[in-house]
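Data from input_35.txt: compact mmCIF, C-alpha atoms
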# COMPACT_ATOMS: atom_id res chain seq x y z
CA MET A 24 -29.27 -24.82 -22.05
CA SER A 25 -31.25 -21.83 -20.86
CA ARG A 26 -29.71 -18.38 -21.14
CA TRP A 27 -30.26 -17.68 -17.45
CA GLN A 28 -27.86 -19.60 -15.25
CA PRO A 29 -28.61 -19.35 -11.54
CA ASN A 30 -25.49 -18.36 -9.57
CA ALA A 31 -23.43 -18.36 -12.75
CA ARG A 32 -21.13 -15.74 -11.32
CA ASP A 33 -20.48 -17.65 -8.09
CA ARG A 34 -19.95 -20.91 -9.99
CA LEU A 35 -17.43 -19.25 -12.29
CA GLU A 36 -15.58 -17.72 -9.33
CA ARG A 37 -15.34 -21.02 -7.52
CA ALA A 38 -14.31 -22.99 -10.61
CA ALA A 39 -11.68 -20.38 -11.44
CA VAL A 40 -10.00 -20.30 -8.04
CA GLU A 41 -10.03 -24.12 -7.87
CA LEU A 42 -8.17 -24.27 -11.19
CA PHE A 43 -5.81 -21.42 -10.25
CA ILE A 44 -4.82 -23.39 -7.14
CA GLU A 45 -4.57 -26.76 -8.92
CA GLN A 46 -2.58 -25.70 -11.95
CA GLY A 47 -1.53 -22.07 -11.47
CA PHE A 48 -3.06 -18.77 -12.54
CA ALA A 49 -0.95 -18.36 -15.70
CA GLU A 50 -1.73 -21.90 -16.91
CA THR A 51 -5.51 -21.61 -16.55
CA THR A 52 -7.66 -20.65 -19.55
CA VAL A 53 -11.21 -19.29 -19.71
CA PRO A 54 -12.50 -22.44 -21.54
CA GLN A 55 -11.11 -24.58 -18.70
CA ILE A 56 -12.94 -22.41 -16.16
CA THR A 57 -16.26 -22.60 -18.01
CA ALA A 58 -15.89 -26.37 -18.54
CA ARG A 59 -15.35 -26.84 -14.79
CA ALA A 60 -18.33 -24.59 -13.99
CA GLY A 61 -20.55 -26.28 -16.62
CA LEU A 62 -21.19 -22.96 -18.36
CA THR A 63 -20.36 -21.39 -21.73
CA THR A 64 -17.55 -18.93 -22.43
CA ARG A 65 -20.31 -16.58 -23.59
CA THR A 66 -21.70 -16.62 -20.04
CA PHE A 67 -18.21 -16.08 -18.68
CA PHE A 68 -17.73 -12.92 -20.74
CA ARG A 69 -21.12 -11.59 -19.65
CA HIS A 70 -19.70 -11.50 -16.11
CA PHE A 71 -15.97 -10.93 -16.46
CA ALA A 72 -13.63 -9.19 -18.92
CA ASP A 73 -10.90 -11.82 -18.41
CA LYS A 74 -9.72 -14.46 -15.93
CA ARG A 75 -7.99 -11.86 -13.74
CA GLU A 76 -11.29 -10.04 -13.29
CA VAL A 77 -12.73 -13.15 -11.64
CA LEU A 78 -10.49 -12.42 -8.66
CA PHE A 79 -11.02 -8.66 -8.54
CA ALA A 80 -14.52 -7.91 -9.87
CA ARG A 81 -16.10 -7.81 -6.40
CA ASP A 82 -13.51 -5.35 -5.20
CA GLU A 83 -14.14 -2.97 -8.08
CA GLU A 84 -17.34 -1.88 -6.36
CA LEU A 85 -15.74 -1.42 -2.95
CA PRO A 86 -14.50 2.18 -3.36
CA ALA A 87 -17.95 3.35 -4.55
CA PHE A 88 -19.67 1.36 -1.79
CA VAL A 89 -17.47 2.95 0.87
CA ALA A 90 -17.90 6.43 -0.64
CA ARG A 91 -21.70 6.00 -0.42
CA LEU A 92 -21.43 4.87 3.21
CA ALA A 93 -19.37 7.96 4.05
CA ALA A 94 -21.81 10.27 2.26
CA ASP A 95 -24.86 8.76 3.97
CA ALA A 96 -23.46 8.45 7.51
CA SER A 97 -24.48 10.90 10.24
CA ALA A 98 -22.43 14.12 10.12
CA SER A 99 -21.73 13.75 13.84
CA LEU A 100 -19.57 10.63 13.38
CA SER A 101 -15.86 11.25 13.93
CA PRO A 102 -13.41 9.70 11.43
CA MET A 103 -12.64 6.72 13.73
CA MET A 104 -16.33 6.12 14.41
CA LEU A 105 -17.01 6.19 10.69
CA ILE A 106 -14.15 3.76 10.05
CA ALA A 107 -15.53 1.34 12.65
CA TYR A 108 -19.04 1.64 11.21
CA ALA A 109 -17.86 1.16 7.61
CA LEU A 110 -15.72 -1.86 8.51
CA GLU A 111 -18.61 -3.49 10.34
CA THR A 112 -20.90 -2.88 7.39
CA VAL A 113 -18.44 -4.22 4.82
CA ALA A 114 -17.72 -7.22 7.05
CA ALA A 115 -21.41 -8.06 7.57
CA THR A 116 -22.65 -7.46 4.02
CA ARG A 117 -19.73 -8.50 1.83
CA LEU A 118 -17.36 -10.80 3.71
CA GLU A 119 -19.04 -12.82 6.47
CA GLY A 120 -19.76 -16.34 5.17
CA GLN A 121 -17.16 -16.08 2.36
CA ARG A 122 -14.15 -17.14 4.40
CA ALA A 123 -13.29 -20.40 2.58
CA TYR A 124 -13.52 -18.74 -0.83
CA LEU A 125 -11.50 -15.70 0.30
CA ARG A 126 -8.75 -17.90 1.79
CA THR A 127 -8.33 -19.71 -1.51
CA ARG A 128 -8.43 -16.43 -3.41
CA ARG A 129 -5.69 -15.04 -1.18
CA ALA A 130 -3.48 -18.09 -1.82
CA VAL A 131 -3.89 -17.58 -5.58
CA ILE A 132 -2.95 -13.90 -5.34
CA GLN A 133 0.06 -14.52 -3.11
CA ALA A 134 1.45 -17.01 -5.65
CA ASP A 135 1.57 -14.51 -8.53
CA GLU A 136 3.60 -11.29 -8.67
CA GLY A 137 1.23 -9.52 -11.09
CA LEU A 138 -1.78 -10.38 -8.92
CA ARG A 139 -0.04 -9.12 -5.79
CA GLU A 140 0.58 -5.79 -7.54
CA ARG A 141 -3.04 -5.62 -8.59
CA GLU A 142 -4.07 -6.23 -4.97
CA LEU A 143 -1.85 -3.36 -3.81
CA ARG A 144 -3.33 -1.05 -6.43
CA LYS A 145 -6.80 -2.05 -5.30
CA LEU A 146 -6.00 -1.04 -1.71
CA SER A 147 -4.51 2.20 -2.96
CA ALA A 148 -7.70 3.01 -4.93
CA LEU A 149 -9.76 2.16 -1.85
CA SER A 150 -7.65 4.53 0.24
CA ASP A 151 -8.15 7.31 -2.35
CA ALA A 152 -11.94 6.81 -2.25
CA ILE A 153 -12.03 6.93 1.55
CA ASN A 154 -9.82 10.02 1.58
CA GLN A 155 -12.25 11.75 -0.79
CA GLY A 156 -15.19 10.61 1.34
CA PHE A 157 -13.68 12.27 4.41
CA ARG A 158 -12.82 15.44 2.47
CA ASP A 159 -16.45 15.65 1.30
CA ARG A 160 -17.52 15.50 4.95
CA GLY A 161 -15.40 18.57 5.67
CA VAL A 162 -12.52 16.72 7.38
CA ASP A 163 -9.18 18.57 7.03
CA GLU A 164 -6.69 17.33 4.46
CA LEU A 165 -4.11 15.74 6.78
CA THR A 166 -6.70 14.01 8.97
CA ALA A 167 -8.56 12.71 5.90
CA LEU A 168 -5.37 11.28 4.39
CA LEU A 169 -4.26 9.62 7.63
CA ALA A 170 -7.73 8.31 8.44
CA ALA A 171 -8.07 6.84 4.94
CA GLN A 172 -4.78 4.99 5.27
CA LEU A 173 -5.68 3.83 8.78
CA ALA A 174 -8.99 2.51 7.48
CA VAL A 175 -7.21 0.46 4.81
CA THR A 176 -4.63 -0.76 7.34
CA VAL A 177 -7.30 -1.89 9.80
CA PHE A 178 -9.28 -3.46 6.94
CA SER A 179 -6.38 -5.46 5.50
CA VAL A 180 -4.89 -6.46 8.87
CA THR A 181 -8.30 -7.63 10.12
CA ILE A 182 -9.05 -9.65 7.01
CA SER A 183 -5.63 -11.22 7.03
CA ARG A 184 -6.06 -12.28 10.69
CA TRP A 185 -9.54 -13.61 9.94
CA LEU A 186 -8.26 -15.68 7.00
CA ASP A 187 -5.28 -16.96 9.05
CA GLN A 188 -7.50 -18.57 11.69
CA ASP A 189 -8.05 -22.32 11.98
CA GLU A 190 -11.54 -23.55 11.21
CA ASP A 191 -12.12 -24.45 14.89
CA GLY A 192 -10.97 -21.29 16.61
CA GLU A 193 -12.90 -19.08 14.23
CA GLN A 194 -13.80 -15.66 15.70
CA PRO A 195 -16.52 -13.59 13.99
CA LEU A 196 -15.06 -10.96 11.71
CA SER A 197 -16.83 -8.16 13.61
CA ASP A 198 -15.02 -9.16 16.84
CA LEU A 199 -11.72 -9.03 14.98
CA VAL A 200 -12.54 -5.54 13.63
CA HIS A 201 -12.91 -4.31 17.22
CA ASP A 202 -9.78 -6.16 18.37
CA THR A 203 -7.75 -4.50 15.65
CA LEU A 204 -9.16 -1.05 16.43
CA ARG A 205 -8.33 -1.56 20.12
CA ALA A 206 -4.77 -2.62 19.27
CA LEU A 207 -4.41 0.39 16.98
CA ARG A 208 -5.48 2.73 19.77
CA SER A 209 -3.09 1.12 22.17
CA VAL A 210 -0.11 1.41 19.76
CA THR A 211 -0.77 5.05 18.95
CA ALA A 212 -1.68 6.17 22.49
CA ASP A 213 1.90 5.54 23.46
CA PRO A 214 3.86 8.83 23.67
CA PRO A 215 5.80 9.09 20.41
CA GLU A 216 8.41 11.56 21.68
CA HIS A 217 11.97 11.24 20.56
CA PRO A 218 13.95 9.54 23.35
CA HIS A 219 16.65 12.25 23.27
CA SER A 220 14.34 15.26 23.06
CA ALA A 221 13.04 15.06 26.64
CA MET B 21 38.18 10.18 -19.90
CA SER B 22 39.23 8.83 -16.51
CA ARG B 23 37.52 5.72 -15.14
CA TRP B 24 36.60 7.47 -11.89
CA GLN B 25 33.77 9.95 -12.36
CA PRO B 26 33.08 12.06 -9.28
CA ASN B 27 29.35 12.06 -8.43
CA ALA B 28 28.64 9.89 -11.46
CA ARG B 29 25.65 8.38 -9.70
CA ASP B 30 24.12 11.75 -8.81
CA ARG B 31 24.73 13.11 -12.31
CA LEU B 32 23.06 10.08 -13.87
CA GLU B 33 20.07 10.41 -11.53
CA ARG B 34 19.60 14.07 -12.31
CA ALA B 35 20.04 13.63 -16.06
CA ALA B 36 17.58 10.73 -16.06
CA VAL B 37 14.76 12.50 -14.21
CA GLU B 38 15.23 15.61 -16.38
CA LEU B 39 14.77 13.50 -19.49
CA PHE B 40 11.87 11.49 -18.00
CA ILE B 41 10.08 14.79 -17.32
CA GLU B 42 10.92 16.36 -20.69
CA GLN B 43 10.05 13.45 -22.95
CA GLY B 44 8.46 10.73 -20.81
CA PHE B 45 9.86 7.68 -19.03
CA ALA B 46 9.02 5.18 -21.80
CA GLU B 47 10.63 7.35 -24.49
CA THR B 48 13.94 7.84 -22.69
CA THR B 49 16.90 5.57 -23.44
CA VAL B 50 20.06 4.85 -21.46
CA PRO B 51 22.31 6.41 -24.16
CA GLN B 52 20.26 9.64 -23.94
CA ILE B 53 20.75 9.68 -20.17
CA THR B 54 24.50 9.14 -20.38
CA ALA B 55 24.85 11.76 -23.15
CA ARG B 56 23.04 14.29 -20.98
CA ALA B 57 25.20 13.41 -17.96
CA GLY B 58 28.40 13.45 -20.03
CA LEU B 59 29.20 9.86 -19.03
CA THR B 60 29.49 6.51 -20.80
CA THR B 61 26.85 3.77 -20.84
CA ARG B 62 29.51 1.59 -19.23
CA THR B 63 29.50 3.94 -16.24
CA PHE B 64 25.70 3.86 -16.22
CA PHE B 65 25.63 0.08 -15.96
CA ARG B 66 28.18 0.12 -13.16
CA HIS B 67 25.57 1.98 -11.10
CA PHE B 68 22.16 0.82 -12.37
CA ALA B 69 20.70 -2.32 -13.92
CA ASP B 70 18.33 -0.31 -16.14
CA LYS B 71 16.67 3.09 -16.39
CA ARG B 72 13.94 2.16 -13.92
CA GLU B 73 16.57 1.42 -11.29
CA VAL B 74 17.71 5.04 -11.47
CA LEU B 75 14.45 5.96 -9.73
CA PHE B 76 14.41 3.14 -7.19
CA ALA B 77 18.02 2.20 -6.40
CA ARG B 78 18.18 4.42 -3.29
CA ASP B 79 15.04 2.84 -1.91
CA GLU B 80 16.39 -0.68 -2.32
CA GLU B 81 18.56 -0.10 0.73
CA LEU B 82 15.77 1.39 2.84
CA PRO B 83 14.32 -1.88 4.26
CA ALA B 84 17.78 -3.07 5.38
CA PHE B 85 18.61 0.39 6.77
CA VAL B 86 15.40 0.45 8.80
CA ALA B 87 15.91 -3.14 9.98
CA ARG B 88 19.37 -2.17 11.29
CA LEU B 89 17.92 0.86 13.08
CA ALA B 90 15.32 -1.36 14.76
CA ALA B 91 17.94 -3.93 15.78
CA ASP B 92 20.30 -1.32 17.23
CA ALA B 93 17.73 0.86 19.03
CA SER B 94 17.37 0.70 22.80
CA ALA B 95 15.12 -2.16 23.91
CA SER B 96 13.16 0.26 26.07
CA LEU B 97 11.71 2.17 23.08
CA SER B 98 8.02 1.51 22.48
CA PRO B 99 6.89 0.92 18.86
CA MET B 100 5.71 4.54 18.43
CA MET B 101 8.95 5.92 19.91
CA LEU B 102 10.93 3.72 17.56
CA ILE B 103 8.85 4.89 14.59
CA ALA B 104 9.48 8.54 15.50
CA TYR B 105 13.19 7.88 15.94
CA ALA B 106 13.49 5.95 12.67
CA LEU B 107 11.58 8.59 10.70
CA GLU B 108 13.77 11.36 12.07
CA THR B 109 16.90 9.40 11.20
CA VAL B 110 15.75 8.60 7.66
CA ALA B 111 14.67 12.22 7.17
CA ALA B 112 17.96 13.66 8.39
CA THR B 113 20.34 11.22 6.70
CA ARG B 114 18.59 10.36 3.44
CA LEU B 115 16.00 12.99 2.52
CA GLU B 116 16.79 16.46 3.89
CA GLY B 117 18.39 18.55 1.12
CA GLN B 118 17.00 16.33 -1.67
CA ARG B 119 13.62 18.01 -1.98
CA ALA B 120 13.92 19.38 -5.53
CA TYR B 121 15.17 16.05 -6.87
CA LEU B 122 12.51 14.06 -4.99
CA ARG B 123 9.70 16.32 -6.27
CA THR B 124 10.77 15.73 -9.85
CA ARG B 125 11.14 12.01 -9.19
CA ARG B 126 7.61 11.90 -7.78
CA ALA B 127 6.20 13.63 -10.88
CA VAL B 128 7.90 11.01 -13.09
CA ILE B 129 6.47 8.14 -11.05
CA GLN B 130 2.96 9.58 -10.95
CA ALA B 131 2.93 9.83 -14.75
CA ASP B 132 3.56 6.11 -15.33
CA GLU B 133 1.32 3.22 -14.24
CA GLY B 134 4.17 0.70 -14.01
CA LEU B 135 6.26 3.06 -11.90
CA ARG B 136 3.34 3.72 -9.56
CA GLU B 137 2.98 -0.04 -9.03
CA ARG B 138 6.68 -0.34 -8.35
CA GLU B 139 6.38 2.45 -5.76
CA LEU B 140 3.54 0.59 -4.02
CA ARG B 141 5.58 -2.61 -3.96
CA LYS B 142 8.48 -0.69 -2.49
CA LEU B 143 6.30 0.55 0.38
CA SER B 144 4.97 -2.95 0.88
CA ALA B 145 8.53 -4.35 1.14
CA LEU B 146 9.40 -1.57 3.58
CA SER B 147 6.39 -2.46 5.71
CA ASP B 148 7.44 -6.14 5.73
CA ALA B 149 10.95 -5.21 6.90
CA ILE B 150 9.62 -2.99 9.70
CA ASN B 151 7.18 -5.70 10.76
CA GLN B 152 10.06 -8.18 11.01
CA GLY B 153 12.14 -5.61 12.92
CA PHE B 154 9.38 -5.29 15.55
CA ARG B 155 8.91 -9.06 15.75
CA ASP B 156 12.66 -9.46 16.38
CA ARG B 157 12.32 -7.01 19.27
CA GLY B 158 9.70 -9.28 20.84
CA VAL B 159 6.66 -7.17 19.89
CA ASP B 160 3.47 -9.26 19.52
CA GLU B 161 2.28 -10.15 16.02
CA LEU B 162 -0.74 -7.83 15.78
CA THR B 163 1.07 -4.83 17.25
CA ALA B 164 4.08 -5.39 14.97
CA LEU B 165 1.88 -5.58 11.87
CA LEU B 166 -0.13 -2.47 12.77
CA ALA B 167 2.94 -0.50 13.84
CA ALA B 168 4.73 -1.39 10.58
CA GLN B 169 1.82 -0.18 8.51
CA LEU B 170 1.50 2.96 10.63
CA ALA B 171 5.20 3.66 10.12
CA VAL B 172 4.81 3.44 6.34
CA THR B 173 1.66 5.59 6.46
CA VAL B 174 3.36 8.31 8.51
CA PHE B 175 6.44 8.08 6.26
CA SER B 176 4.55 8.42 2.99
CA VAL B 177 2.07 11.05 4.23
CA THR B 178 4.89 13.16 5.65
CA ILE B 179 6.99 12.98 2.51
CA SER B 180 4.03 13.79 0.33
CA ARG B 181 3.23 16.89 2.45
CA TRP B 182 6.88 17.94 2.39
CA LEU B 183 7.04 17.64 -1.40
CA ASP B 184 3.71 19.48 -1.82
CA GLN B 185 4.98 22.64 -0.09
CA ASP B 186 5.87 25.83 -1.94
CA GLU B 187 9.53 26.79 -1.94
CA ASP B 188 8.84 29.78 0.36
CA GLY B 189 6.72 28.18 3.03
CA GLU B 190 9.08 25.26 3.39
CA GLN B 191 8.95 23.57 6.82
CA PRO B 192 11.80 21.27 7.84
CA LEU B 193 10.97 17.61 7.28
CA SER B 194 11.55 16.80 10.95
CA ASP B 195 8.80 19.28 11.97
CA LEU B 196 6.44 17.62 9.52
CA VAL B 197 7.24 14.17 10.97
CA HIS B 198 6.10 15.40 14.38
CA ASP B 199 3.03 17.14 12.94
CA THR B 200 1.95 13.93 11.25
CA LEU B 201 2.52 11.86 14.40
CA ARG B 202 0.47 14.35 16.40
CA ALA B 203 -2.36 14.24 13.87
CA LEU B 204 -2.24 10.43 13.92
CA ARG B 205 -2.59 10.39 17.70
CA SER B 206 -5.47 12.81 17.55
CA VAL B 207 -7.35 10.74 14.92
CA THR B 208 -6.91 7.48 16.79
CA ALA B 209 -7.53 8.85 20.29
CA ASP B 210 -11.10 9.47 19.29
CA PRO B 211 -13.40 6.75 20.73
CA PRO B 212 -13.99 4.34 17.84
CA GLU B 213 -17.14 2.77 19.27
CA HIS B 214 -19.98 1.92 16.98
CA PRO B 215 -22.59 4.71 17.25
CA HIS B 216 -25.39 2.19 17.86
CA SER B 217 -23.57 0.00 20.36
CA ALA B 218 -23.65 2.45 23.28

For this file, write the structure as structure tokens.
Amino acid sequence: MSRWQPNARDRLERAAVELFIEQGFAETTVPQITARAGLTTRTFFRHFADKREVLFARDEELPAFVARLAADASASLSPMMLIAYALETVAATRLEGQRAYLRTRRAVIQADEGLRERELRKLSALSDAINQGFRDRGVDELTALLAAQLAVTVFSVTISRWLDQDEDGEQPLSDLVHDTLRALRSVTADPPEHPHSA
Amino acid sequence: MSRWQPNARDRLERAAVELFIEQGFAETTVPQITARAGLTTRTFFRHFADKREVLFARDEELPAFVARLAADASASLSPMMLIAYALETVAATRLEGQRAYLRTRRAVIQADEGLRERELRKLSALSDAINQGFRDRGVDELTALLAAQLAVTVFSVTISRWLDQDEDGEQPLSDLVHDTLRALRSVTADPPEHPHSA
């Protein structure tokens, strides 16, 4: 067997989530994953620290990716414009075409308490990175914090709607990004005055 | 010692967070907490399942409290009006006057990875309850989901700003709620069109 395995990482990811679904995350071992993928455990550990990392390794890069986008984007972009631009970029370069895999991955995570917590921490780290990205662009503290949390909200709501769709009625992810942003504007445009303060 | 201890719950909470700060959460035992509070471990376990619950017991009721607010509020309130109303109510009835305790509690949570995860899960459960509250009021699925996440964002951002303040410059929590809602409107009112799509 040659040392270089084409698509080893993808094959390991797909084998792992198949097994997690079939027999549960806790019950699945690394040797079972590598047997299913037709690869060695040595190859596995070149790509992932442990079986949990198979589910989260791609996301590890997301905060740094988003921070780079924020640093490189035109200074004239407002926070909401930057959020829209970043979501479109992440959707086009990292998510589009991965829907079947990401649906299965989501089912695995939802079935395990520890994985759900890890997912929440991931979103919290992403929010921190976006917050810092806005601060570095000179955005004030409160706006940066709110915009970062809005970005994560729009991101997670959009992905969850995208993954919920039937195969037939599938809308492109970029359309859903704009739908969600429109809905967000419409919710928040509504006057939030206290009913008794008028 | 009489069986009825006035303010036993408050005394246990305060003793616990003092000890968590002084010597760390992991190092603190229930007998140390009860000794500091001048109460028995029996009394402790009448109020809390374990030492972690001392930090989170109040929040356990929050989803149900917010769900009741949503169910009882006038049907004419829009999602943002309901969010403002609910935040004001929670601020006035559950938070105002507790700032010193809540600051110390936050420091304890931030120092411990497991407690931070628990805090994130708590916010996630709160968001789920608010989402369901909106759905029960007939709000469409996307709006309910976004509004629930916005509510949690405004809630956590406002509390974090309130706890960050110096003792002197202290603004009432209800003012900060309105500040945050105003800032949210101003961020989202900005046209979120893609810069290249015009």

Find the residues of chain A that sit at most 10 Å from chain B; for each, write down the nearest two atoms and how far apart they are in Å, to one decimal. Count only C-alpha atoms. Sort by chain, then by number going up, and give it as JSON lines.
{"residue": "A:Ser97", "atom": "CA", "partner": "B:Pro215", "partner_atom": "CA", "distance": 9.5}
{"residue": "A:Ser99", "atom": "CA", "partner": "B:Pro215", "partner_atom": "CA", "distance": 9.7}
{"residue": "A:Leu100", "atom": "CA", "partner": "B:Pro215", "partner_atom": "CA", "distance": 7.7}
{"residue": "A:Ser101", "atom": "CA", "partner": "B:Asp210", "partner_atom": "CA", "distance": 7.4}
{"residue": "A:Pro102", "atom": "CA", "partner": "B:Val207", "partner_atom": "CA", "distance": 7.1}
{"residue": "A:Met103", "atom": "CA", "partner": "B:Pro212", "partner_atom": "CA", "distance": 4.9}
{"residue": "A:Met104", "atom": "CA", "partner": "B:Pro212", "partner_atom": "CA", "distance": 4.5}
{"residue": "A:Leu105", "atom": "CA", "partner": "B:Pro212", "partner_atom": "CA", "distance": 8.0}
{"residue": "A:Ile106", "atom": "CA", "partner": "B:Pro212", "partner_atom": "CA", "distance": 7.8}
{"residue": "A:Ala107", "atom": "CA", "partner": "B:Pro212", "partner_atom": "CA", "distance": 6.2}
{"residue": "A:Tyr108", "atom": "CA", "partner": "B:His214", "partner_atom": "CA", "distance": 5.9}
{"residue": "A:Ala109", "atom": "CA", "partner": "B:His214", "partner_atom": "CA", "distance": 9.6}
{"residue": "A:Glu111", "atom": "CA", "partner": "B:His214", "partner_atom": "CA", "distance": 8.7}
{"residue": "A:Gly137", "atom": "CA", "partner": "B:Glu137", "partner_atom": "CA", "distance": 9.9}
{"residue": "A:Arg139", "atom": "CA", "partner": "B:Arg141", "partner_atom": "CA", "distance": 8.8}
{"residue": "A:Glu140", "atom": "CA", "partner": "B:Glu137", "partner_atom": "CA", "distance": 6.4}
{"residue": "A:Arg141", "atom": "CA", "partner": "B:Glu137", "partner_atom": "CA", "distance": 8.2}
{"residue": "A:Leu143", "atom": "CA", "partner": "B:Leu140", "partner_atom": "CA", "distance": 6.7}
{"residue": "A:Arg144", "atom": "CA", "partner": "B:Glu137", "partner_atom": "CA", "distance": 6.9}
{"residue": "A:Leu146", "atom": "CA", "partner": "B:Leu140", "partner_atom": "CA", "distance": 10.0}
{"residue": "A:Ser147", "atom": "CA", "partner": "B:Leu140", "partner_atom": "CA", "distance": 8.3}
{"residue": "A:Leu165", "atom": "CA", "partner": "B:Ala203", "partner_atom": "CA", "distance": 7.5}
{"residue": "A:Thr166", "atom": "CA", "partner": "B:Ala203", "partner_atom": "CA", "distance": 6.5}
{"residue": "A:Ala167", "atom": "CA", "partner": "B:Val207", "partner_atom": "CA", "distance": 9.3}
{"residue": "A:Leu168", "atom": "CA", "partner": "B:Val177", "partner_atom": "CA", "distance": 7.4}
{"residue": "A:Leu169", "atom": "CA", "partner": "B:Leu204", "partner_atom": "CA", "distance": 6.7}
{"residue": "A:Ala170", "atom": "CA", "partner": "B:Val207", "partner_atom": "CA", "distance": 6.9}
{"residue": "A:Ala171", "atom": "CA", "partner": "B:Thr173", "partner_atom": "CA", "distance": 9.9}
{"residue": "A:Gln172", "atom": "CA", "partner": "B:Thr173", "partner_atom": "CA", "distance": 6.6}
{"residue": "A:Leu173", "atom": "CA", "partner": "B:Leu170", "partner_atom": "CA", "distance": 7.5}
{"residue": "A:Val175", "atom": "CA", "partner": "B:Gln169", "partner_atom": "CA", "distance": 9.8}
{"residue": "A:Thr176", "atom": "CA", "partner": "B:Gln169", "partner_atom": "CA", "distance": 6.6}
{"residue": "A:Val177", "atom": "CA", "partner": "B:Leu166", "partner_atom": "CA", "distance": 7.8}
{"residue": "A:Val180", "atom": "CA", "partner": "B:Leu166", "partner_atom": "CA", "distance": 7.3}
{"residue": "A:Thr181", "atom": "CA", "partner": "B:Leu162", "partner_atom": "CA", "distance": 9.4}
{"residue": "A:Arg184", "atom": "CA", "partner": "B:Leu162", "partner_atom": "CA", "distance": 8.6}
{"residue": "A:His201", "atom": "CA", "partner": "B:Glu213", "partner_atom": "CA", "distance": 8.5}
{"residue": "A:Asp202", "atom": "CA", "partner": "B:Leu162", "partner_atom": "CA", "distance": 9.6}
{"residue": "A:Thr203", "atom": "CA", "partner": "B:Leu162", "partner_atom": "CA", "distance": 7.8}
{"residue": "A:Leu204", "atom": "CA", "partner": "B:Pro212", "partner_atom": "CA", "distance": 7.4}
{"residue": "A:Arg205", "atom": "CA", "partner": "B:Pro212", "partner_atom": "CA", "distance": 8.5}
{"residue": "A:Ala206", "atom": "CA", "partner": "B:Thr163", "partner_atom": "CA", "distance": 6.6}
{"residue": "A:Leu207", "atom": "CA", "partner": "B:Leu166", "partner_atom": "CA", "distance": 6.6}
{"residue": "A:Arg208", "atom": "CA", "partner": "B:Thr208", "partner_atom": "CA", "distance": 5.8}
{"residue": "A:Ser209", "atom": "CA", "partner": "B:Thr163", "partner_atom": "CA", "distance": 8.8}
{"residue": "A:Val210", "atom": "CA", "partner": "B:Met100", "partner_atom": "CA", "distance": 6.7}
{"residue": "A:Thr211", "atom": "CA", "partner": "B:Arg205", "partner_atom": "CA", "distance": 5.8}
{"residue": "A:Ala212", "atom": "CA", "partner": "B:Arg205", "partner_atom": "CA", "distance": 6.4}
{"residue": "A:Asp213", "atom": "CA", "partner": "B:Met100", "partner_atom": "CA", "distance": 6.4}
{"residue": "A:Pro214", "atom": "CA", "partner": "B:Met101", "partner_atom": "CA", "distance": 7.0}
{"residue": "A:Pro215", "atom": "CA", "partner": "B:Met101", "partner_atom": "CA", "distance": 4.5}
{"residue": "A:Glu216", "atom": "CA", "partner": "B:Met101", "partner_atom": "CA", "distance": 5.9}
{"residue": "A:His217", "atom": "CA", "partner": "B:Tyr105", "partner_atom": "CA", "distance": 5.8}
{"residue": "A:Pro218", "atom": "CA", "partner": "B:Met101", "partner_atom": "CA", "distance": 7.1}
{"residue": "A:His219", "atom": "CA", "partner": "B:Tyr105", "partner_atom": "CA", "distance": 9.2}

Could you give me, as a PDB file with C-alpha atoms, keeping the file's coordinate frame, the residues within 12 Å of B:Arg123, counting all atoms listed in the file and dropping anything in the same chain fewer than 3 positions from it?
ATOM      1  CA  ARG B  34      19.600  14.070 -12.310  1.00  0.00           C
ATOM      2  CA  VAL B  37      14.760  12.500 -14.210  1.00  0.00           C
ATOM      3  CA  GLU B  38      15.230  15.610 -16.380  1.00  0.00           C
ATOM      4  CA  ILE B  41      10.080  14.790 -17.320  1.00  0.00           C
ATOM      5  CA  LEU B  75      14.450   5.960  -9.730  1.00  0.00           C
ATOM      6  CA  LEU B 115      16.000  12.990   2.520  1.00  0.00           C
ATOM      7  CA  GLY B 117      18.390  18.550   1.120  1.00  0.00           C
ATOM      8  CA  GLN B 118      17.000  16.330  -1.670  1.00  0.00           C
ATOM      9  CA  ARG B 119      13.620  18.010  -1.980  1.00  0.00           C
ATOM     10  CA  ALA B 120      13.920  19.380  -5.530  1.00  0.00           C
ATOM     11  CA  ARG B 126       7.610  11.900  -7.780  1.00  0.00           C
ATOM     12  CA  ALA B 127       6.200  13.630 -10.880  1.00  0.00           C
ATOM     13  CA  VAL B 128       7.900  11.010 -13.090  1.00  0.00           C
ATOM     14  CA  ILE B 129       6.470   8.140 -11.050  1.00  0.00           C
ATOM     15  CA  GLN B 130       2.960   9.580 -10.950  1.00  0.00           C
ATOM     16  CA  ILE B 179       6.990  12.980   2.510  1.00  0.00           C
ATOM     17  CA  SER B 180       4.030  13.790   0.330  1.00  0.00           C
ATOM     18  CA  ARG B 181       3.230  16.890   2.450  1.00  0.00           C
ATOM     19  CA  TRP B 182       6.880  17.940   2.390  1.00  0.00           C
ATOM     20  CA  LEU B 183       7.040  17.640  -1.400  1.00  0.00           C
ATOM     21  CA  ASP B 184       3.710  19.480  -1.820  1.00  0.00           C
ATOM     22  CA  GLN B 185       4.980  22.640  -0.090  1.00  0.00           C
ATOM     23  CA  ASP B 186       5.870  25.830  -1.940  1.00  0.00           C
ATOM     24  CA  GLU B 187       9.530  26.790  -1.940  1.00  0.00           C
TER      25      GLU B 187
END

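The residue that comes closest to A:Leu196, out of A:Leu138, A:Ala148, A:Ala60, A:Ala114 and on the basis of only C-alpha atoms, is A:Ala114.
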
Computed interatomic separation between atom CA of A:Val162 and atom CA of A:Ala98 (Å): 10.6 Å
